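Asker: Take this structure first; my questions come after.
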Amino acid sequence: MLNLRMDFKLAGFLLYALLTFLWMTDISAVVSLKNVNEQSRYVAENFAKELLHVASEELGVNKLQAYYDTLKYIETTKNGHLIVEQLSETLEQKFRERLAALDKLAKILHQSYNSESTAEIENCCDLTTETHEEDTRFRSKVNVKKFCLQVSPDSPNPKNITLLHNSVLRQMIANLESIPSLKWQYFGDENGVSTTFPSTLKQDCNVYDPRYRPWYVVASTPLPKNIVVVLDTSSSMKAKHGNETVLDLAKLAAKTVLGTLSPSDKVAFISFAAEVEIPLGKSYASHCFSDHLADAVPSNIAYLNSHIDEREAYGSTFYTDALEKAFMFLKNSENGGTRDKVILFLTDGIPTDSKQMVMNTIQQRNEELNNGVMIITYGLGAAAQKEGREILTSMANQDGTLYGVPPRGQVRKGQYIEIQNPDELRTKMALYYALFFDSRTKHSPKVSVPYLDAWGLGLITTVSLPIVINGQLKGVVGLDLTMIDLLEDVLYLQKGELSYAFIIDDRGRAVLHPLLPSPLDVFEDPILINITDIERGADFEQVYTSMTKGSAGTKDLTAVRTFSKGEWSLEGRVTKTFSATYYWKPIEVIGYSLCLVLTKDFKQIDLASLVSSGDDFLYHRLDLIERNSDLCRYYNTSSLRSGRSTVKFAAEAFTDPSRYLDTEETAGRVRHYTKFMNDRIGFVPNPGFKSDIRNNVIATRQAEKYWPSFHRLDSGIQHWIPWRYIGTYNGVFRRIPGGMNHKLYSPSMRPWFKKAVGNPAKLTFSTPYLDAFGAGYVITLSQTIYEGRSSGVHAETDRIAAVMGADFTLDYAYHLLARHGICNSDSTDETLEKSDIRCFVMDNSGFIVIHADFRKPDSSCDNNSSHFSHKNVENVHITGKEDLFPVAESLIRTGRLKRQACLNFQVAKYQHYWQVDAAQVARGVDEAVGACHRYQLLPVDNSNVFVGILHSRKDCSESTPIPPASDPTCLSCPRASTAAARHCTSTRPQACECPCVSPANFGRCQNHYIRPE
């Protein structure tokens, strides 16, 4: 029998060798391709069997699903009106508590401002940090028993500063104790002195001035501003002052003015000499900056700053055209709202053109705006002499009597400010807003538009209030609040896979939405997007109008929910359309509006109560658990020799996520977690978990029973499958062998989880990545677990309860592929490099998952290495893998691999990615590419991947055009780990290049995406 088997094997081998020989001797028409196809299918079928075996025996997917099918679930009908009411009340209460803390601080400042200080106050710039401790709430070393101060280099009286009374410090301490999630509390005064609590070492001592900050200006001048900065760039501005030119100092002053603005303001910049220069905006930004005021959002301010930096001095000094353009900006931006309108006009020369013409222009153009524009003029050099002083004073007063243009009607008089010392220009110009301060105004707290915190706290907002004593502005007090703290109840709302919530401000801009990054995941100042760019349903306009008016309501609509397919910048997104009910309600205290989107006839489904086994819960903080005898080193992390699993909770598992994120865990808290999770009789109080967490911990514990019992650290299996784990939507993460995870880790936010959710009920591969714990390069195989059905029969639309995953080494992954059929080539790189057969596995986004080159990747960046560097193992796309270009070009040419795009709202760019047309590849592909190559591509059943086999003729000349010139030609990918770092060379549908980005048509003036006609 053995000899007979060997004879069959030998015969098969000889037959395959003969067919290969015939194909490679330029008589390919004689080759029987049927045998090649059969062998390729044999590889794909056996690879699928290997995956099923791994899923069943190593992951235990089928057994765990069967267990979940035995569980009982409780279905509850939920009232959307009640949910949105409760959410809005929670948000209102949070804001009220924090505004009350601000009010208390303001009252203490009023009462004690002129009192002699008894507090010990250190300079924030000269601190020694021995008395400071690292505090996760502030992401820095602080002293929560002290405050500190810093004095601006532009302070008008640095030797006579006002020190705050000890009662202010006591109130700041009391505020933090009553609301532990509060961040920085501070007071900035008119002398340029800022006092900050808690005390911390500052790094911006040579530039910081509270008077130049938006929170200070907004509190001092409650109305938003339309402002045009007009800057003289004539030849005389080249004059030297110290080591800089006057123009350099003027540009710094102009940029400082821009820095005082908030996103509620609008701004334009004009430079003038013999001609007027204005920013033309970016090519994709509509008419921005050239004829309208732009919102003073960070991206627009950054663009204007760069434009200012590029100005050079030349020519003469023509006022009139610059003023015409300034008034045009203001007129074109009229929208009926109540706003302060101001022109800041800086020059060092008298006008070359007629002074009468200058005054006529001001008079006529301001009349068109109901004389509502104030002009503030700044004169230095010749403009600070008699003739210049006269014209600039006349302009500020809008009284041209000296030039035959008497005033008509009542105007808003501005001010002429003379600059004798150019070093004072920045301060004098940046304090323009003082003219708008009105002591008679009843001031209320001002809430800033969310912005990026410099200390790493993510998106924050500042609430501020002016301190006015005897009609004089003494300063502004402020509190910093993280958006994660304020909006956590909405951010972590869990009402099924499709339901969600969002928040907008009073101008309709999205503050929070699932399509925007979490407040913790923002790393640059956000683009402020109107909600109608995100919620694009035909009937949403009615909801939008009601929300921006501060009304409440309900409406049934067709909603579209967008999900990432894994790593969104590489794999794009998928959408699901469903019937929904929109419930909305204003958050009046802050001027926001909340909207809850629930699936039609929404019902909440929860696990029925489960009973703990009593002693099996083990928290991931092994450093806080007394199990030293079981601890060992596993790769680069501490783990358990017994191979037990540990559980980690994400922030969404807690009723107060921000408190979890801000508080250091202790051994006592971990013991409380453990007792609660192991409690069998309900005796231990809940330490802060949401109601469904304990049941999910108990349910996921079952997975450990199905993970192989030989998974001990001394078994050797860890060399192939170092980790197995399971995660849930509500933040439960169980891993074996147990070990510590980062505090911010959330399973539902990880690509392996998202990819599995995007491919429900399928075995889902990730692309290779470097394991954070030292296991080298791995790929993850994951699969969804559905909420239980007693029948055991599931549909793709069923609700997902959890996702299971296992990490494989790249060598093991290739072993699963290459151990069968024509892909088996003695498993050595040298043999594979000489072979004319390339076997690989590609996912449904075109990324290479398994390839011979990945087996032993070199971690260096040496381009001459015989192995791929780490940058050529992670996120390798078929359109950028040179040895697979023939396959990529063919797939694109035939429409089997299609280029798609989705909009990244936060950075105003389109993300271009690829998607395999599953219908065209369902039965497999067998195609010749030119004269040198033939490939097969076969779907792997019940997975997100395809097995590819490329046959290349050794004797074929590579000079043969592959493919013809009319077909796509692939380009090597730039060495970038994410598509966000790659800029597309072309946006054509058939451009064969790796996932990349291209600019979106975002109108910077109106803060709207401009949709194609």
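The chains in the structure tokens are called A, B, ... from first to last as shown; in each chain the residues are counted from 1, and the ligands are counted from 1 in the order shown.
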Which residues, written as an NGL selection string, have at least one atom at most 8 Å from Trp720 of chain A, with only C-alpha atoms counted and residues fewer than 3 positions away on the same chain left out?
Answerer: :A and (717 or 808-809 or 811-812)
Asker: If you take only C-alpha atoms and a cut-off of 10 Å, which residues of segment 798-852 of chain A touch segment 560-578 of chain A, and what are their nearest atom pairs and distances in Å to one decimal, in chain and number order, as a Markdown table?
Answerer:
```
| residue | atom | partner | partner_atom | distance |
| --- | --- | --- | --- | --- |
| A:Asn844 | CA | A:Glu571 | CA | 9.0 |
| A:Ser845 | CA | A:Glu571 | CA | 5.9 |
| A:Gly846 | CA | A:Glu571 | CA | 8.8 |
| A:Phe847 | CA | A:Glu571 | CA | 8.8 |
```
Asker: Which of these residues is nearest to Glu134 of chain A, using only C-alpha atoms: A:Ile503, A:Asn872, A:Thr200, A:Ala430?
Answerer: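 Closest to Glu134 of chain A, using only C-alpha atoms: A:Thr200.
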Asker: Have a look at atom CA of Trp707 of chain A and atom CA of Tyr725 of chain A and let me know their distance in Å, one decimal.
Answerer: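 It comes out at 9.4 Å.
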Asker: Using only C-alpha atoms, pick whichever of A:Ser986, A:Asn741, A:Thr76, A:Ser271 has the shortest atom-to-atom distance to His307 of chain A.
Answerer: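 With only C-alpha atoms as the atom set, the closest residue is A:Ser271.
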Asker: Which residues in segment 498-570 of chain A does DSSP call strand (DSSP E)? List them as a VMD selection string.
Answerer: chain A and resid 500 to 504 510 to 512 553 to 564
Asker: So how many Å separate atom CA of Leu223 of chain A and atom CA of Ser333 of chain A, to one decimal?
Answerer: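 Separation between atom CA of Leu223 of chain A and atom CA of Ser333 of chain A: 16.0 Å.
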Asker: Which residues, written as a ChimeraX atom specification, have at least one atom at most 7 Å from Ala396 of chain A, with only C-alpha atoms counted and residues fewer than 6 positions away on the same chain left out?
Answerer: /A:375-377,413-416
Asker: Which residue gives the smallest distance to Ala302 of chain A among A:Ala901, A:Leu781, A:Leu473, A:Ile527, with only C-alpha atoms counted?
Answerer: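 Between A:Ala901, A:Leu781, A:Leu473, A:Ile527, the residue approaching Ala302 of chain A most closely is A:Ile527.
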Asker: For a quick check of understanding, using only C-alpha atoms, which of A:Thr128, A:Thr462, A:Asn470, A:Ala434 has the smallest distance to Asn114 of chain A?
Answerer: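 Result for the nearest residue to Asn114 of chain A: A:Asn470.
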Asker: Between A:Ala653, A:Ile301, A:Val647, A:Leu498, which one has atoms that come closest to Arg799 of chain A, using only C-alpha atoms?
Answerer: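 Ranking A:Ala653, A:Ile301, A:Val647, A:Leu498 by distance to Arg799 of chain A, first place goes to A:Leu498.
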Asker: Would you work out the distance separating atom CA of Val940 of chain A from atom CA of Ala991 of chain A, expressed in Å to one decimal?
Answerer: 27.0 Å
Asker: Report as CSV: every residue of segment 362-388 of chain A with an atom at most 12 Å from segment 241-258 of chain A, its closest pair of atoms, and their distance in Å to one decimal, counting only C-alpha atoms, with rows sorted by chain and ascending residue number.
Answerer:
```
residue,atom,partner,partner_atom,distance
A:Tyr378,CA,A:Ala250,CA,10.4
A:Gly379,CA,A:Ala250,CA,11.1
A:Leu380,CA,A:Val246,CA,9.3
A:Gly381,CA,A:Val246,CA,9.4
```
Asker: Which residues come within 9 Å of Asn530 of chain A, counting only C-alpha atoms, excluding same-chain residues fewer than 2 positions away, as a PyMOL selection string?
Answerer: chain A and resi 504+507-510+528+532-534+1007-1009
Asker: Taking only C-alpha atoms into account, which of A:Val849, A:Ala219, A:Ile227, A:Ala55 comes nearest Ser444 of chain A?
Answerer: A:Ala219
Asker: Using only C-alpha atoms, determine which residues lie at most 9 Å from segment 147-159 of chain A, disregarding the query and same-chain residues fewer than 3 positions distant; provide the list as an MDAnalysis selection string.
Answerer: chainID A and resid 119:125 127 143:144 163 169 172 186 190:202 205:210 424 426:427
Asker: Generate the output file for the selected residues, N, CA, C and O atoms, as a compact mmCIF listing (two decimals), in the first residue's frame.
Answerer:
```txt
# COMPACT_ATOMS: atom_id res chain seq x y z
N ALA A 119 -1.01 84.12 50.75
CA ALA A 119 -0.66 82.83 50.15
C ALA A 119 0.80 82.83 49.70
O ALA A 119 1.35 83.86 49.31
N GLU A 120 1.39 81.68 49.77
CA GLU A 120 2.76 81.50 49.27
C GLU A 120 2.66 81.18 47.78
O GLU A 120 2.16 80.13 47.39
N ILE A 121 3.14 82.10 46.96
CA ILE A 121 2.99 81.94 45.51
C ILE A 121 4.37 81.89 44.87
O ILE A 121 5.17 82.82 44.99
N GLU A 122 4.64 80.80 44.16
CA GLU A 122 5.89 80.63 43.43
C GLU A 122 5.69 81.02 41.98
O GLU A 122 4.58 81.02 41.45
N ASN A 123 6.79 81.33 41.31
CA ASN A 123 6.75 81.60 39.88
C ASN A 123 6.71 80.28 39.12
O ASN A 123 7.56 79.41 39.33
N CYS A 124 5.73 80.12 38.24
CA CYS A 124 5.57 78.85 37.50
C CYS A 124 6.78 78.53 36.64
O CYS A 124 6.99 77.37 36.27
N CYS A 125 7.58 79.54 36.34
CA CYS A 125 8.72 79.33 35.46
C CYS A 125 10.00 78.98 36.21
O CYS A 125 11.00 78.63 35.60
N LEU A 127 9.97 76.91 39.17
CA LEU A 127 9.62 75.92 40.18
C LEU A 127 10.68 74.83 40.30
O LEU A 127 11.29 74.43 39.31
N ASN A 143 1.27 70.30 42.09
CA ASN A 143 1.07 70.39 43.53
C ASN A 143 -0.34 70.90 43.75
O ASN A 143 -0.64 72.07 43.47
N VAL A 144 -1.23 70.02 44.22
CA VAL A 144 -2.65 70.37 44.34
C VAL A 144 -2.95 71.15 45.61
O VAL A 144 -4.12 71.38 45.93
N LEU A 163 -0.96 90.01 43.85
CA LEU A 163 -0.95 88.61 44.28
C LEU A 163 -2.33 88.23 44.80
O LEU A 163 -2.96 89.00 45.53
N LEU A 169 -7.00 80.55 46.67
CA LEU A 169 -6.40 79.21 46.66
C LEU A 169 -7.31 78.20 47.35
O LEU A 169 -7.51 77.08 46.84
N MET A 172 -10.10 77.25 45.04
CA MET A 172 -9.64 76.39 43.94
C MET A 172 -9.47 74.96 44.43
O MET A 172 -9.85 74.00 43.74
N TYR A 186 -7.59 79.13 36.65
CA TYR A 186 -6.61 80.21 36.51
C TYR A 186 -7.27 81.58 36.47
O TYR A 186 -8.47 81.72 36.23
N GLU A 190 -5.10 92.28 33.91
CA GLU A 190 -4.80 93.31 32.92
C GLU A 190 -3.33 93.70 32.92
O GLU A 190 -2.88 94.42 32.03
N ASN A 191 -2.59 93.22 33.89
CA ASN A 191 -1.15 93.48 33.95
C ASN A 191 -0.35 92.37 33.28
O ASN A 191 0.88 92.34 33.34
N GLY A 192 -1.06 91.43 32.65
CA GLY A 192 -0.37 90.34 31.96
C GLY A 192 0.12 89.25 32.89
O GLY A 192 0.99 88.45 32.52
N VAL A 193 -0.43 89.17 34.11
CA VAL A 193 -0.03 88.16 35.08
C VAL A 193 -1.09 87.06 35.12
O VAL A 193 -2.29 87.34 35.17
N SER A 194 -0.66 85.82 35.08
CA SER A 194 -1.59 84.70 35.17
C SER A 194 -1.24 83.85 36.38
O SER A 194 -0.06 83.59 36.65
N THR A 195 -2.26 83.44 37.11
CA THR A 195 -2.10 82.57 38.28
C THR A 195 -2.80 81.26 37.99
O THR A 195 -3.98 81.26 37.61
N THR A 196 -2.09 80.15 38.14
CA THR A 196 -2.60 78.84 37.72
C THR A 196 -2.65 77.88 38.90
O THR A 196 -1.73 77.81 39.71
N PHE A 197 -3.75 77.12 38.97
CA PHE A 197 -3.90 76.04 39.96
C PHE A 197 -4.29 74.76 39.22
O PHE A 197 -5.15 74.79 38.36
N PRO A 198 -3.69 73.63 39.60
CA PRO A 198 -2.61 73.47 40.58
C PRO A 198 -1.28 73.97 40.03
O PRO A 198 -1.11 74.13 38.83
N SER A 199 -0.36 74.17 40.94
CA SER A 199 0.97 74.65 40.58
C SER A 199 1.66 73.63 39.69
O SER A 199 1.62 72.42 39.94
N THR A 200 2.30 74.12 38.62
CA THR A 200 3.04 73.23 37.72
C THR A 200 4.10 74.04 36.99
O THR A 200 3.97 75.26 36.83
N LEU A 201 5.14 73.37 36.56
CA LEU A 201 6.24 74.05 35.86
C LEU A 201 5.80 74.38 34.44
O LEU A 201 5.41 73.50 33.68
N LYS A 202 5.87 75.66 34.07
CA LYS A 202 5.45 76.11 32.73
C LYS A 202 6.65 76.17 31.79
O LYS A 202 7.79 76.41 32.21
N CYS A 205 7.14 80.51 29.14
CA CYS A 205 7.31 81.72 29.96
C CYS A 205 7.66 82.95 29.14
O CYS A 205 7.36 84.08 29.53
N ASN A 206 8.32 82.79 28.00
CA ASN A 206 8.78 83.95 27.24
C ASN A 206 7.74 84.46 26.24
O ASN A 206 7.99 85.45 25.56
N VAL A 207 6.61 83.77 26.14
CA VAL A 207 5.63 84.17 25.13
C VAL A 207 4.22 84.32 25.68
O VAL A 207 3.40 85.03 25.09
N TYR A 208 3.90 83.68 26.78
CA TYR A 208 2.51 83.61 27.23
C TYR A 208 2.05 84.93 27.86
O TYR A 208 2.73 85.50 28.71
N ASP A 209 0.90 85.38 27.42
CA ASP A 209 0.24 86.54 28.01
C ASP A 209 -1.25 86.24 28.00
O ASP A 209 -1.83 86.04 26.93
N PRO A 210 -1.89 86.19 29.18
CA PRO A 210 -3.31 85.82 29.20
C PRO A 210 -4.18 86.78 28.39
O PRO A 210 -5.22 86.38 27.86
N GLU A 424 6.59 98.05 21.24
CA GLU A 424 5.28 98.08 21.88
C GLU A 424 4.15 97.76 20.92
O GLU A 424 2.98 97.68 21.33
N ARG A 426 3.21 95.08 19.26
CA ARG A 426 2.46 93.85 19.48
C ARG A 426 1.41 94.03 20.58
O ARG A 426 0.24 93.67 20.41
N THR A 427 1.83 94.60 21.71
CA THR A 427 0.91 94.77 22.83
C THR A 427 -0.19 95.76 22.49
O THR A 427 -1.38 95.50 22.74
```
Asker: Do you know which residues are at most 12 Å from Arg671 of chain A counting only C-alpha atoms, after dropping those on the same chain fewer than 6 positions away, and could you put them as JSON, numbers by chain?
Answerer: {"A": [617, 618, 619, 620, 621, 622, 624, 625, 626, 665, 677, 678, 679, 684, 687]}
